[in-house]
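Text of query_37.txt, listed as compact mmCIF, C-alpha atoms:
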```txt
# COMPACT_ATOMS: atom_id res chain seq x y z
CA MET A 30 -53.47 -20.96 40.38
CA ILE A 31 -51.97 -23.55 38.10
CA LEU A 32 -52.66 -21.25 35.17
CA SER A 33 -50.83 -18.32 36.74
CA ARG A 34 -47.89 -20.57 37.55
CA VAL A 35 -47.73 -21.70 33.96
CA ARG A 36 -47.79 -18.08 32.81
CA ARG A 37 -44.97 -17.21 35.24
CA ILE A 38 -42.87 -20.08 33.93
CA ARG A 39 -43.64 -19.09 30.36
CA ARG A 40 -42.59 -15.48 31.09
CA ARG A 41 -39.36 -16.71 32.65
CA LEU A 42 -38.68 -18.95 29.71
CA THR A 43 -39.37 -16.06 27.34
CA SER A 44 -36.97 -13.80 29.28
CA LEU A 45 -34.38 -16.55 29.30
CA GLY A 46 -34.81 -17.00 25.57
CA VAL A 47 -34.39 -13.29 24.90
CA ALA A 48 -31.30 -13.18 27.10
CA LEU A 49 -29.83 -16.23 25.39
CA ALA A 50 -30.54 -14.79 21.95
CA SER A 51 -28.94 -11.49 22.94
CA PHE A 52 -25.89 -13.29 24.27
CA ILE A 53 -25.55 -15.32 21.08
CA LEU A 54 -26.00 -12.17 18.96
CA VAL A 55 -23.34 -10.25 20.90
CA ALA A 56 -21.03 -13.24 20.98
CA PHE A 57 -21.26 -13.75 17.23
CA SER A 58 -21.07 -10.06 16.36
CA HIS A 59 -17.93 -9.76 18.51
CA ALA A 60 -16.45 -12.99 17.23
CA GLN A 61 -13.11 -13.10 15.53
CA ASP A 62 -12.75 -14.93 12.24
CA ALA A 63 -10.46 -17.79 13.26
CA SER A 64 -8.26 -17.30 10.20
CA VAL A 65 -7.41 -13.67 11.04
CA ASP A 66 -3.97 -12.90 12.40
CA ILE A 67 -3.27 -9.23 13.05
CA SER A 68 -0.09 -9.81 15.05
CA GLY A 69 3.14 -8.46 13.61
CA VAL A 70 4.45 -5.19 12.18
CA TRP A 71 2.35 -3.19 9.72
CA SER A 72 3.72 -0.25 7.70
CA THR A 73 2.12 2.63 5.85
CA ASN A 74 3.39 3.55 2.38
CA SER A 75 6.63 4.99 3.70
CA LEU A 76 9.47 5.35 1.22
CA ASP A 77 11.30 2.19 2.33
CA VAL A 78 8.30 -0.04 1.54
CA LEU A 79 6.65 2.04 -1.20
CA ASP A 80 7.59 -0.47 -3.91
CA ASN A 81 6.48 -3.49 -1.85
CA PRO A 82 4.37 -5.76 -4.10
CA ALA A 83 1.66 -5.92 -1.42
CA TRP A 84 0.63 -2.38 -2.41
CA ASP A 85 -1.88 -1.82 -5.15
CA ILE A 86 -1.95 1.57 -6.86
CA VAL A 87 -4.47 2.96 -4.37
CA GLY A 88 -2.26 1.86 -1.48
CA GLN A 89 0.78 3.51 -3.01
CA PHE A 90 -1.11 6.80 -3.26
CA SER A 91 -2.78 6.41 0.13
CA CYS A 92 -2.43 9.23 2.58
CA ARG A 93 -3.53 10.39 6.00
CA CYS A 94 -6.77 11.36 4.34
CA ALA A 95 -10.49 11.54 4.99
CA ALA A 96 -12.35 8.38 3.99
CA GLU A 97 -14.24 10.35 1.33
CA THR A 98 -10.94 11.35 -0.27
CA TYR A 99 -10.40 7.73 -1.32
CA ASP A 100 -13.43 8.03 -3.61
CA LEU A 101 -11.67 10.93 -5.29
CA LEU A 102 -8.44 8.89 -5.48
CA ASN A 103 -10.24 6.06 -7.25
CA THR A 104 -11.75 8.50 -9.73
CA LEU A 105 -8.38 10.13 -10.42
CA LEU A 106 -6.78 6.75 -10.99
CA TYR A 107 -9.45 4.84 -12.87
CA ASP A 108 -11.03 7.57 -15.02
CA SER A 109 -8.75 7.98 -18.05
CA ALA A 110 -9.86 11.61 -18.32
CA ASN A 111 -7.39 12.24 -15.48
CA ASP A 112 -4.42 10.58 -17.14
CA HIS A 113 -2.76 13.95 -17.69
CA MET A 114 -2.19 14.24 -13.94
CA SER A 115 1.22 13.51 -12.47
CA ALA A 116 1.71 11.70 -9.17
CA ASN A 117 2.37 15.04 -7.51
CA GLU A 118 -0.80 16.59 -8.90
CA ILE A 119 -2.83 13.64 -7.62
CA ARG A 120 -1.15 13.93 -4.22
CA GLU A 121 -1.93 17.64 -4.05
CA ALA A 122 -5.56 17.05 -5.07
CA LEU A 123 -5.98 14.50 -2.27
CA GLU A 124 -4.47 16.81 0.34
CA GLU A 125 -6.66 19.68 -0.77
CA HIS A 126 -9.76 17.47 -0.68
CA THR A 127 -9.08 16.25 2.85
CA THR A 128 -8.30 19.79 4.02
CA GLU A 129 -11.69 20.93 2.69
CA ILE A 130 -13.52 18.05 4.36
CA ILE A 131 -11.91 18.74 7.73
CA ALA A 132 -12.57 22.47 7.44
CA ASP A 133 -16.22 21.72 6.66
CA ARG A 134 -16.53 19.25 9.53
CA LEU A 135 -15.06 21.53 12.24
CA SER A 136 -17.41 23.23 14.67
CA GLU A 137 -16.96 26.92 15.46
CA THR A 138 -14.98 25.90 18.54
CA GLY A 139 -12.87 23.47 16.55
CA ARG A 140 -12.10 26.14 13.98
CA SER A 141 -11.17 28.80 16.52
CA VAL A 142 -8.97 26.41 18.50
CA GLY A 143 -7.17 25.46 15.28
CA GLU A 144 -6.68 29.06 14.20
CA ALA A 145 -5.25 30.02 17.58
CA PHE A 146 -2.71 27.19 17.52
CA ASP A 147 0.88 27.90 16.43
CA LEU A 148 2.70 24.85 15.06
CA ALA A 149 5.81 26.06 16.86
CA ASP A 150 3.96 25.24 20.09
CA ASP A 151 3.62 21.58 19.10
CA PRO A 152 4.70 19.69 22.25
CA ALA A 153 6.32 17.01 20.08
CA ILE A 154 9.03 19.51 19.13
CA GLN A 155 10.10 19.34 22.77
CA CYS A 156 9.95 15.52 22.62
CA GLU A 157 6.66 15.20 24.50
CA ARG A 158 4.97 11.91 23.63
CA PHE A 159 2.04 11.85 21.22
CA PRO A 160 -1.47 11.51 22.66
CA ALA A 161 -3.77 8.66 21.60
CA PHE A 162 -5.26 9.91 18.34
CA ARG A 163 -1.97 11.30 17.03
CA THR A 164 -0.40 7.95 17.82
CA VAL A 165 -3.07 6.22 15.76
CA LEU A 166 -2.59 8.53 12.79
CA HIS A 167 1.21 8.58 12.82
CA ALA A 168 2.81 7.20 9.67
CA ASP A 169 5.44 4.97 11.26
CA PRO A 170 5.10 1.17 11.53
CA ILE A 171 3.00 -0.32 14.31
CA GLU A 172 3.13 -3.74 15.90
CA PHE A 173 0.20 -5.70 17.33
CA GLU A 174 0.82 -8.19 20.11
CA ILE A 175 -2.19 -10.34 21.00
CA LEU A 176 -2.55 -11.42 24.62
CA ASP A 177 -5.40 -13.31 26.31
CA ASP A 178 -7.22 -10.28 27.70
CA ARG A 179 -5.67 -7.39 25.80
CA ILE A 180 -3.90 -6.29 22.66
CA ILE A 181 -0.76 -4.20 22.84
CA ILE A 182 -0.17 -1.79 19.96
CA ARG A 183 3.38 -0.49 19.82
CA GLY A 184 4.66 2.29 17.61
CA GLU A 185 7.75 4.33 16.91
CA ASP A 186 9.04 7.82 17.42
CA LEU A 187 7.02 9.63 20.10
CA THR A 188 3.95 7.38 19.92
CA VAL A 189 2.67 5.80 23.11
CA ASP A 190 2.39 2.06 23.55
CA ARG A 191 -1.32 1.35 23.74
CA THR A 192 -3.22 -1.25 25.74
CA VAL A 193 -6.53 -2.30 24.26
CA TYR A 194 -8.58 -4.39 26.69
CA THR A 195 -10.45 -7.23 25.00
CA ASP A 196 -11.86 -8.91 28.12
CA GLY A 197 -15.24 -7.22 27.87
CA ARG A 198 -14.65 -4.54 30.47
CA SER A 199 -16.26 -1.11 30.15
CA HIS A 200 -14.56 2.26 30.12
CA PRO A 201 -13.99 3.85 33.54
CA GLU A 202 -15.60 7.20 34.33
CA GLY A 203 -12.25 8.95 34.06
CA PRO A 204 -9.83 10.63 34.44
CA THR A 205 -8.70 11.87 31.04
CA THR A 206 -5.11 11.15 30.05
CA PRO A 207 -3.15 11.66 26.82
CA ALA A 208 -3.43 7.93 26.04
CA GLY A 209 -7.09 7.63 27.10
CA HIS A 210 -8.72 4.27 27.76
CA SER A 211 -9.24 1.69 25.01
CA VAL A 212 -11.35 -1.42 24.72
CA GLY A 213 -11.53 -3.67 21.70
CA TRP A 214 -13.49 -6.47 20.11
CA TRP A 215 -13.59 -8.41 16.88
CA GLU A 216 -16.21 -8.21 14.17
CA GLY A 217 -15.20 -11.00 11.81
CA ARG A 218 -11.94 -9.89 10.16
CA THR A 219 -12.08 -6.45 11.78
CA LEU A 220 -10.55 -5.44 15.08
CA VAL A 221 -12.56 -2.56 16.51
CA VAL A 222 -10.96 -0.31 19.13
CA GLU A 223 -12.92 2.30 21.05
CA THR A 224 -11.00 4.99 22.94
CA VAL A 225 -12.37 7.58 25.36
CA ASN A 226 -11.07 9.69 28.25
CA VAL A 227 -8.47 11.38 26.04
CA SER A 228 -7.30 14.73 27.33
CA PRO A 229 -7.64 17.71 24.95
CA ASN A 230 -4.80 17.60 22.46
CA LEU A 231 -3.65 18.15 18.93
CA VAL A 232 -5.13 15.22 16.96
CA ASP A 233 -2.63 15.56 14.16
CA ASP A 234 -0.10 18.21 13.25
CA GLN A 235 -0.47 17.74 9.48
CA LEU A 236 -4.26 17.72 9.50
CA ALA A 237 -4.19 20.49 12.10
CA PHE A 238 -7.19 19.86 14.29
CA HIS A 239 -7.74 19.20 17.98
CA ASN A 240 -9.90 16.97 20.17
CA SER A 241 -11.81 17.87 23.32
CA ASP A 242 -12.13 15.71 26.45
CA GLN A 243 -15.48 14.49 25.13
CA ALA A 244 -13.99 12.88 22.04
CA ARG A 245 -14.53 9.21 21.30
CA GLY A 246 -12.32 7.43 18.79
CA VAL A 247 -13.29 4.26 16.96
CA GLU A 248 -10.54 2.48 15.06
CA ARG A 249 -11.30 -0.30 12.61
CA TYR A 250 -8.48 -2.58 11.44
CA THR A 251 -9.60 -5.01 8.75
CA VAL A 252 -7.20 -7.75 7.70
CA SER A 253 -7.38 -8.79 4.04
CA GLU A 254 -8.19 -12.39 3.08
CA ASP A 255 -4.56 -13.15 2.25
CA GLY A 256 -3.33 -11.49 5.47
CA SER A 257 -1.02 -9.02 3.71
CA ASN A 258 -3.08 -5.80 3.92
CA LEU A 259 -4.66 -3.93 6.77
CA ASP A 260 -7.33 -1.36 6.06
CA ALA A 261 -7.02 1.03 8.98
CA GLU A 262 -9.32 3.91 9.82
CA LEU A 263 -10.03 6.16 12.78
CA THR A 264 -13.39 7.83 13.26
CA ILE A 265 -13.48 10.67 15.76
CA HIS A 266 -16.78 11.64 17.35
CA ASP A 267 -16.35 14.93 19.15
CA PRO A 268 -19.43 17.03 19.94
CA VAL A 269 -17.24 20.00 20.88
CA MET A 270 -14.72 20.19 18.03
CA LEU A 271 -16.66 18.58 15.18
CA ARG A 272 -20.09 19.02 13.63
CA GLY A 273 -20.20 15.30 12.85
CA PRO A 274 -17.98 12.21 12.85
CA LEU A 275 -14.74 12.46 10.89
CA THR A 276 -13.06 9.33 9.52
CA ILE A 277 -9.39 9.31 8.55
CA ARG A 278 -8.25 6.25 6.63
CA ARG A 279 -4.77 4.95 5.97
CA PRO A 280 -4.06 1.40 4.79
CA ARG A 281 -1.04 -0.61 5.91
CA ILE A 282 0.77 -3.72 4.72
CA LEU A 283 2.35 -6.52 6.72
CA THR A 284 6.11 -5.96 6.88
CA PRO A 285 7.69 -8.80 8.87
CA ASP A 286 11.20 -7.58 8.02
CA VAL A 287 10.64 -4.19 9.64
CA GLU A 288 11.75 -3.82 13.25
CA LEU A 289 10.43 -1.01 15.38
CA ASP A 290 13.01 1.65 16.14
CA ARG A 291 12.68 4.14 18.95
CA PRO A 292 15.91 6.09 19.50
CA PRO A 293 16.04 8.85 22.12
CA CYS A 294 14.56 12.16 21.06
CA GLU A 295 16.66 15.33 20.90
CA ALA A 296 14.57 18.49 21.13
CA ILE A 297 14.83 21.07 18.36
CA SER A 298 14.93 24.77 19.03
CA GLY A 299 13.46 27.29 16.63
CA GLN A 300 16.63 29.29 17.20
CA PHE A 301 19.96 28.03 15.91
CA MET B 16 35.93 26.87 -2.72
CA LYS B 17 32.86 28.67 -3.94
CA VAL B 18 30.04 28.92 -1.52
CA LYS B 19 26.96 31.06 -1.61
CA VAL B 20 23.53 31.63 -0.22
CA VAL B 21 20.75 32.23 -2.72
CA ILE B 22 17.24 32.95 -1.57
CA SER B 23 14.34 32.62 -3.97
CA LEU B 24 10.59 32.39 -3.79
CA PHE B 25 8.90 29.40 -5.34
CA GLY B 26 5.30 29.85 -4.22
CA ALA B 27 3.65 26.89 -2.57
CA LEU B 28 4.88 24.21 -4.96
CA LEU B 29 7.48 22.84 -2.62
CA ILE B 30 5.28 22.25 0.38
CA ALA B 31 6.03 18.64 1.14
CA PRO B 32 3.76 16.19 2.90
CA LEU B 33 5.80 14.88 5.77
CA ALA B 34 4.99 11.23 5.45
CA SER B 35 7.34 10.18 8.19
CA ALA B 36 8.00 13.41 10.02
CA HIS B 37 7.84 13.67 13.74
CA HIS B 38 6.35 17.14 13.57
CA ASN B 39 5.29 19.58 10.88
CA PHE B 40 8.23 21.46 9.31
CA ALA B 41 6.03 24.52 9.00
CA ALA B 42 6.58 24.91 12.75
CA HIS B 43 10.09 26.23 12.11
CA TYR B 44 10.35 26.83 8.37
CA ARG B 45 8.69 28.99 5.73
CA THR B 46 7.60 26.19 3.44
CA GLU B 47 6.60 28.58 0.64
CA GLU B 48 10.19 29.77 0.18
CA THR B 49 13.36 28.02 -0.90
CA VAL B 50 16.97 28.65 0.04
CA GLU B 51 20.01 27.22 -1.71
CA LEU B 52 23.21 26.68 0.24
CA LEU B 53 26.68 25.71 -0.92
CA GLY B 54 29.05 24.85 1.85
CA VAL B 55 31.25 22.46 3.75
CA VAL B 56 29.97 20.01 6.32
CA THR B 57 31.29 20.59 9.81
CA GLU B 58 29.09 18.01 11.56
CA PHE B 59 26.40 15.47 10.72
CA ARG B 60 24.09 14.58 13.60
CA PHE B 61 22.12 11.41 12.91
CA VAL B 62 19.59 11.98 15.67
CA ASN B 63 15.92 11.54 16.40
CA PRO B 64 13.61 13.11 15.46
CA HIS B 65 15.33 14.61 12.41
CA ALA B 66 18.82 14.32 10.95
CA ARG B 67 20.81 17.55 11.04
CA VAL B 68 23.75 18.79 9.00
CA TYR B 69 25.87 21.71 10.16
CA VAL B 70 27.44 23.56 7.26
CA GLU B 71 29.98 26.37 6.99
CA VAL B 72 28.91 28.77 4.27
CA LEU B 73 30.50 31.90 2.85
CA ASN B 74 27.90 34.57 2.40
CA GLU B 75 27.82 37.15 -0.38
CA ASP B 76 30.11 39.41 1.66
CA GLY B 77 32.68 36.64 1.87
CA GLU B 78 32.10 36.04 5.55
CA ALA B 79 31.82 32.55 7.03
CA GLU B 80 28.45 31.64 8.48
CA MET B 81 27.27 28.50 10.24
CA TRP B 82 23.99 26.99 9.05
CA MET B 83 21.99 24.02 10.24
CA ALA B 84 19.92 21.95 7.82
CA GLU B 85 17.21 19.66 9.16
CA GLY B 86 16.21 16.59 7.18
CA ASP B 87 13.86 13.64 7.37
CA ALA B 88 13.11 11.49 10.40
CA MET B 89 16.16 9.56 11.53
CA VAL B 90 14.32 6.24 11.77
CA ALA B 91 12.99 6.63 8.22
CA LEU B 92 16.46 7.47 6.91
CA ARG B 93 17.98 4.51 8.75
CA ARG B 94 15.47 2.19 7.08
CA SER B 95 16.57 3.56 3.74
CA GLY B 96 20.17 2.65 4.52
CA TRP B 97 21.46 5.90 5.93
CA THR B 98 24.12 5.70 8.65
CA ALA B 99 25.82 8.12 11.01
CA ASP B 100 28.66 8.30 8.47
CA GLN B 101 26.44 9.40 5.60
CA LEU B 102 28.13 12.79 5.66
CA THR B 103 31.50 13.60 7.16
CA PRO B 104 33.24 16.88 8.04
CA GLY B 105 34.87 18.36 4.98
CA ASP B 106 32.23 17.12 2.51
CA ARG B 107 31.23 19.85 0.09
CA ILE B 108 27.49 19.84 -0.39
CA GLU B 109 24.68 21.80 -2.00
CA ILE B 110 21.37 21.96 -0.18
CA THR B 111 18.00 23.37 -1.15
CA GLY B 112 15.29 23.80 1.43
CA ASN B 113 12.98 26.09 3.33
CA PRO B 114 14.36 29.00 5.40
CA SER B 115 13.56 29.37 9.08
CA ARG B 116 10.62 31.36 10.33
CA SER B 117 12.80 32.99 12.99
CA GLY B 118 15.46 34.28 10.60
CA ALA B 119 18.06 31.99 12.15
CA ASN B 120 20.54 30.25 9.83
CA MET B 121 18.42 27.11 9.54
CA ILE B 122 16.76 25.37 6.65
CA GLY B 123 14.50 22.36 6.39
CA TRP B 124 16.29 20.60 3.56
CA ASN B 125 14.54 19.19 0.53
CA THR B 126 17.48 18.08 -1.63
CA LEU B 127 21.14 17.49 -0.82
CA GLN B 128 23.81 17.05 -3.48
CA LEU B 129 27.39 15.95 -3.00
CA ALA B 130 30.27 17.69 -4.80
CA ASP B 131 30.16 15.11 -7.62
CA GLY B 132 26.51 16.00 -8.30
CA THR B 133 25.03 12.93 -6.65
CA ASP B 134 21.69 13.75 -5.06
CA ILE B 135 21.45 11.72 -1.86
CA GLY B 136 18.01 13.06 -0.92
CA GLY B 137 17.17 12.66 2.74
CA GLY B 138 15.16 15.83 2.94
CA SER B 139 11.94 16.51 4.77
CA GLY B 140 9.30 14.09 3.56
CA ARG B 141 11.66 13.05 0.71
CA LEU B 142 9.01 14.09 -1.73
CA ASP B 143 11.22 13.89 -4.83
CA GLU B 144 12.23 10.31 -4.01
CA ARG B 145 8.62 9.28 -3.42
CA LEU B 146 7.34 10.93 -6.57
CA ARG B 147 9.90 9.15 -8.76
CA ILE B 148 8.52 5.78 -7.57
CA MET B 149 4.88 6.89 -7.74
CA ASP B 150 5.18 8.36 -11.24
CA ALA B 151 6.69 5.08 -12.45
CA SER B 152 3.90 3.07 -10.79
CA LEU B 153 1.28 5.40 -12.25
CA ALA B 154 2.65 4.95 -15.77
CA ARG B 155 2.64 1.14 -15.40
CA PHE B 156 -0.88 1.18 -13.97
CA ARG B 157 -2.27 3.34 -16.78
CA GLU B 158 -0.63 1.15 -19.38
CA GLN B 159 -2.08 -2.05 -17.87
CA ARG B 160 -5.48 -0.45 -17.28
CA GLY B 161 -5.71 0.40 -20.97
CA GLN B 162 -5.08 -3.18 -22.08
```

Rendering of file as C-alpha cells:
Amino acid sequence: MILSRVRRIRRRLTSLGVALASFILVAFSHAQDASVDISGVWSTNSLDVLDNPAWDIVGQFSCRCAAETYDLLNTLLYDSANDHMSANEIREALEEHTTEIIADRLSETGRSVGEAFDLADDPAIQCERFPAFRTVLHADPIEFEILDDRIIIRGEDLTVDRTVYTDGRSHPEGPTTPAGHSVGWWEGRTLVVETVNVSPNLVDDQLAFHNSDQARGVERYTVSEDGSNLDAELTIHDPVMLRGPLTIRRPRILTPDVELDRPPCEAISGQF
Amino acid sequence: MKVKVVISLFGALLIAPLASAHHNFAAHYRTEETVELLGVVTEFRFVNPHARVYVEVLNEDGEAEMWMAEGDAMVALRRSGWTADQLTPGDRIEITGNPSRSGANMIGWNTLQLADGTDIGGGSGRLDERLRIMDASLARFREQRGQ
C-alpha cells in the first residue's frame, strides 16, 4: 500500500514536472527580447524615403515579392555577371519571378478564381476598405501601438486598423469578416501574428490572387539589432486557393518623422 | 496654343509597379499603350485615392475635348511635397500616360511636364523618379562592391 502511494506521488510529480517544463518552454519561446521596440511608424521603400540611409541596397530594391525572389535579388546584385542590368531590368526580373512563383503555387481553384476576376471590379475602386491580407501587404506606412493585452496596427489609405490580441486567447470559431481575427506573440525579436476567419477576398490587386475562408495568415515582424529595420513577411496557408504556403516579404524601416495620413476617399468611375 | 492628342503603342515597357497605389491602374487603363496630351489645365483635384488633372485639349480636328488624367496616390504625393496648388487652371502641360480601357477621355499619367519643360512627375507609381534614385544607388553599390 505504501509502495502504490509512492508510485502515485511519483506519477503526480512526473506530470507536474512535464507541465512545468512545457510552461517554461512555451513561456520562453513566446518571450519578447526586452530590448525590442516595435512601436512607431515603419515605411516601405516608398519614393519619399527611398534614399533614407537605413536602407541597404537590397532594401531599396525590395518589393511586394515572394520570399524566394529575394534570393534572386541577392544574386542579381552581388554577382558581377549581372552588372549590365539597369535598376529597371532588375525590377522587372523580380516581378516576373514572383509572378511565376505565385502562378506555380495556385491551386486549380485559385487559378480559375483569379482568371475570372476583372480588376475593374476591385471593391477598393469604390472606396471599400481593404480586407486583412491586403492591409498587411499594402505599401503605405504602418504604425504599431503596444498595449498591455493587444497590439494595434494602424495603416493608411483604405487599410483597416488591426487589433492583435497578445493575452494568450485563442481564435473564436467564427464568423469570417474582412479583418478576420488576429492573435500575436513574441519569439525573441520577432512579433508573430496569426490571422484566421478572413472572409474570401482579393489578397492583393498587384499580385492578383484571392483567399478562401479557410486561409490562415502568419505575419513575422523581426526588428533589427539597431532597431532601424523591420523584416516583414506574410505567409498564407490556404488549402483551397494554394497548393502550399506562400510567403510574401517586404522589409520596412523606422520612420519617426512620417505621420499617418488618411484623407477621405473619392470613388473613381471607369467612365469620365 | 498648340494642343494635340497622339496615340502610340509602346509594348509592355511602360507597365509601372504601383508602389503606393490604392488600386491597380490596369483596372481602368491599357497599360501597354501610351497617350500623349498637350493641353490647358481646367482643374486640379488633389484627392484620395489618386490626384486628378482635368485638361482641355484640342484634338486633330481642332475641336476642344475635356480629358482627365489620374496620377499617383494623394498621400504619397503629399509626402513628396505636393500641394493642392501644384497645378492651377490655365497651366499649359504635356502629359504622357495610359489610355482608358473604356475609350473615355481618361489617362493614367506617367509623366507631366510644365510649359517650361520642367517634368514634375507625379504619375502612377512614379517609376521614372524611383528609377533615377535606384540607378544611382546601384552604380554606387557596384563601385564599392568592386573595391

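Between CA of Thr219 in chain A and CA of Arg249 in chain A the separation is 6.3 Å.
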
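Here CA of Asn103 in chain A stands at a distance of 10.6 Å from CA of Ile119 in chain A.
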
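CA of Arg245 in chain A is positioned 26.8 Å from CA of Ala149 in chain A.
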
Report the centre and edge lengths, in Å to one decimal, of an axis-aligned box enclosing every atom of range 126-141 of chain B listed in the file, padded by 8 Å on each side, as JSON.
```
{"center_x": 19.8, "center_y": 14.9, "center_z": -1.8, "size_x": 37.0, "size_y": 22.4, "size_z": 29.1}
```

List as an mmCIF file with C-alpha atoms, in the frame of the given file the protein and nucleic acid residues near range 163-168 of chain A, meaning an atom at most 9 Å away when all atoms listed in the file are counted, but skip any in the same chain fewer than 4 places from it.
```
data_model
loop_
_atom_site.group_PDB
_atom_site.id
_atom_site.type_symbol
_atom_site.label_atom_id
_atom_site.label_comp_id
_atom_site.auth_asym_id
_atom_site.auth_seq_id
_atom_site.Cartn_x
_atom_site.Cartn_y
_atom_site.Cartn_z
ATOM 1 C CA SER A 72 3.720 -0.250 7.700
ATOM 2 C CA THR A 73 2.120 2.630 5.850
ATOM 3 C CA ASN A 74 3.390 3.550 2.380
ATOM 4 C CA SER A 75 6.630 4.990 3.700
ATOM 5 C CA ARG A 93 -3.530 10.390 6.000
ATOM 6 C CA ARG A 158 4.970 11.910 23.630
ATOM 7 C CA PHE A 159 2.040 11.850 21.220
ATOM 8 C CA GLY A 184 4.660 2.290 17.610
ATOM 9 C CA GLU A 185 7.750 4.330 16.910
ATOM 10 C CA LEU A 187 7.020 9.630 20.100
ATOM 11 C CA THR A 188 3.950 7.380 19.920
ATOM 12 C CA VAL A 189 2.670 5.800 23.110
ATOM 13 C CA ASP A 190 2.390 2.060 23.550
ATOM 14 C CA ARG A 191 -1.320 1.350 23.740
ATOM 15 C CA ALA A 208 -3.430 7.930 26.040
ATOM 16 C CA ASN A 230 -4.800 17.600 22.460
ATOM 17 C CA LEU A 231 -3.650 18.150 18.930
ATOM 18 C CA VAL A 232 -5.130 15.220 16.960
ATOM 19 C CA ASP A 233 -2.630 15.560 14.160
ATOM 20 C CA ASP A 234 -0.100 18.210 13.250
ATOM 21 C CA GLU A 248 -10.540 2.480 15.060
ATOM 22 C CA GLU A 262 -9.320 3.910 9.820
ATOM 23 C CA LEU A 263 -10.030 6.160 12.780
ATOM 24 C CA ILE A 277 -9.390 9.310 8.550
ATOM 25 C CA ARG A 278 -8.250 6.250 6.630
ATOM 26 C CA ARG A 279 -4.770 4.950 5.970
ATOM 27 C CA ALA B 34 4.990 11.230 5.450
ATOM 28 C CA SER B 35 7.340 10.180 8.190
ATOM 29 C CA ALA B 36 8.000 13.410 10.020
ATOM 30 C CA HIS B 37 7.840 13.670 13.740
#
```

message: With 12 Å as the threshold, what does the neighbourhood of (-8.8, -17.3, 13.2) contain in terms of residues, counting all atoms listed in the file? Coordinates are those of the file; answer as a ChimeraX atom specification.
response: /A:60-68,215-219,252,254,256
